Every structure is written in structure tokens, then in C-alpha cells.
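**Q** The structure is given below, and queries will be raised subsequently.
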Amino acid sequence: MPIIVTDTAAEQVRKIMVAQQKTDGGVRVGVKGGGCSGLSYTMDISDAPEENDKVFEYEGFRVFCDAKSYFYLNGLILDFSTDLMGGGFKFTNPNATRTCGCGSSFAA
């Protein structure tokens with residue numbers, strides 16, 4: 001399953017990439033150990049995919065995900081909320097069996 005980026009999140013990713021002058025790259029999503037529930041989401045702007053990355057094409061950017069993280073993130077929906085309280089990028093992960101209250105960590 002692909003990693004899905006909503007239109008709102010895509011707009012924010014493109015804005016960040018322009019601000020960082022990395023319009024040929026993409027956004028890297030992944031997981032790392034830690035957080036309240038055991039695994040934490042990671043996200044940053046990257047110039048290019050690394051070897052063995054899963055790559056998903058969107059209008060104006062790509063999403064990169066390493067194979068280990070993809071095991072936990074396949075089918076992930078990346079969204080963006082403009083709420084004053086709790087706004088920012090949001091991860092909806094169909095593989096998560098438990099999430100913390102802040103939404104930035106999960107167990108699978």
C-alpha cells in the first residue's frame with residue numbers, strides 16, 4: 001500500500017521545500033525507537049532517495065521511506081491540521097495497535 005498524502009499536507013510539504021530551496025527532493029518519513037508507545041514518527045526534507053527506499057510520487061514532490069520503516073508505515077495517511085491547538089502534520093497509521101495522547105508515537 002502507498003503512503004498517502006492529503007492535499008492539505010501536500011501543500012505544506014511543497015511550501016517547506018520551497019522555503020528550504022529543495023524543490024527537486026522530497027519528504028522522508030520513517031520511524032525510530034522511543035516515545036510514549038515505543039516507536040516515534042520521523043519526517044524531514046531530503047534531497048534524494050536512498051538505496052532501497054520506497055518512493056511515492058506526488059505533484060511537485062516525492063515521499064521517501066526506508067524499507068524497515070515502511071514495514072510499520074505502509075498505508076499511512078499523512079495529513080496537516082491548521083488548528084490553533086494541536087495543529088501540524090498528523091499521522092494516521094492503520095498498522096498502529098496503540099498510540100499515545102500526543103499522536104507522535106505508536107506501537108505496532
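Residue names in the C-alpha cells use chain letters A, B, ... in the order shown, residue numbers from 1 in each chain, and ligand numbers from 1 in the order shown.
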DSSP on the backbone: which residues in stretch 6-79 of chain A end up as strand (DSSP E)? Give the answer as an NGL selection string.
**A** :A and (26-33 or 39-46 or 54-58 or 61-65 or 77-79)
**Q** Would you kindly return, as a PyMOL selection string, each protein, DNA or RNA residue with an atom no farther than 9 Å from any atom of A:Phe64, considering only C-alpha atoms and excluding same-chain residues fewer than 4 positions away?
**A** chain A and resi 26-30+46+48-50+53-56
**Q** Would you mind writing down, as a list in words, each residue of chain A that DSSP on the backbone assigns to helix (DSSP H, G or I)?
**A**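 In chain A, DSSP puts these residues in helix (DSSP H, G or I): Asp7, Thr8, Ala9, Ala10, Glu11, Gln12, Val13, Arg14, Lys15, Ile16, Met17, Val18, Ala19, Ala67, Lys68, Ser69, Tyr70, Phe71, Tyr72 and Leu73 of chain A.
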**Q** Contacts of A:Gly75 at 7 Å or less, counting only C-alpha atoms, minus same-chain residues fewer than 3 places along, as a ChimeraX atom specification?
**A** /A:1-4,93-94
**Q** Once you have the residues from the selection above, write them out as a PDB file, in the first residue's frame, restricted to N, CA and C atoms.
**A**
ATOM      1  N   MET A   1       0.837  -1.187   0.000  1.00  0.00           N
ATOM      2  CA  MET A   1       0.000   0.000   0.000  1.00  0.00           C
ATOM      3  C   MET A   1       0.880   1.248   0.000  1.00  0.00           C
ATOM      4  N   PRO A   2       0.436   2.282  -0.662  1.00  0.00           N
ATOM      5  CA  PRO A   2       1.244   3.514  -0.688  1.00  0.00           C
ATOM      6  C   PRO A   2       1.124   4.291   0.621  1.00  0.00           C
ATOM      7  N   ILE A   3       2.045   5.213   0.799  1.00  0.00           N
ATOM      8  CA  ILE A   3       1.902   6.228   1.831  1.00  0.00           C
ATOM      9  C   ILE A   3       1.107   7.348   1.187  1.00  0.00           C
ATOM     10  N   ILE A   4      -0.001   7.696   1.786  1.00  0.00           N
ATOM     11  CA  ILE A   4      -0.940   8.656   1.204  1.00  0.00           C
ATOM     12  C   ILE A   4      -0.720  10.027   1.829  1.00  0.00           C
ATOM     13  N   ASN A  93      -2.127   5.914  11.043  1.00  0.00           N
ATOM     14  CA  ASN A  93      -1.403   4.699  10.709  1.00  0.00           C
ATOM     15  C   ASN A  93      -2.281   3.472  10.932  1.00  0.00           C
ATOM     16  N   PRO A  94      -2.654   2.764   9.858  1.00  0.00           N
ATOM     17  CA  PRO A  94      -3.502   1.575  10.022  1.00  0.00           C
ATOM     18  C   PRO A  94      -2.785   0.413  10.710  1.00  0.00           C
TER      19      PRO A  94
END
**Q** Figure out the distance between atom CA of A:Leu78 and atom CA of A:Val5, please, to one decimal in Å.
**A**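 Atom-to-atom, atom CA of A:Val5 to atom CA of A:Leu78, that is 4.8 Å.
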**Q** State, in Å with one decimal place, the distance from atom CA of A:Arg62 to atom CA of A:Gly25.
**A**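 A separation of 6.7 Å between them.
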**Q** Figure out the distance between atom CA of A:Gly34 and atom CA of A:Gly87, please, to one decimal in Å.
**A**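 Value for the atom CA of A:Gly87-atom CA of A:Gly34 distance: 22.0 Å.
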**Q** Just the residues within 10 Å of A:Gly60, please, counting only C-alpha atoms, with nothing from its chain fewer than 6 positions along; format it as an MDAnalysis selection string.
**A** chainID A and resid 10:11 13:14 17 23:26
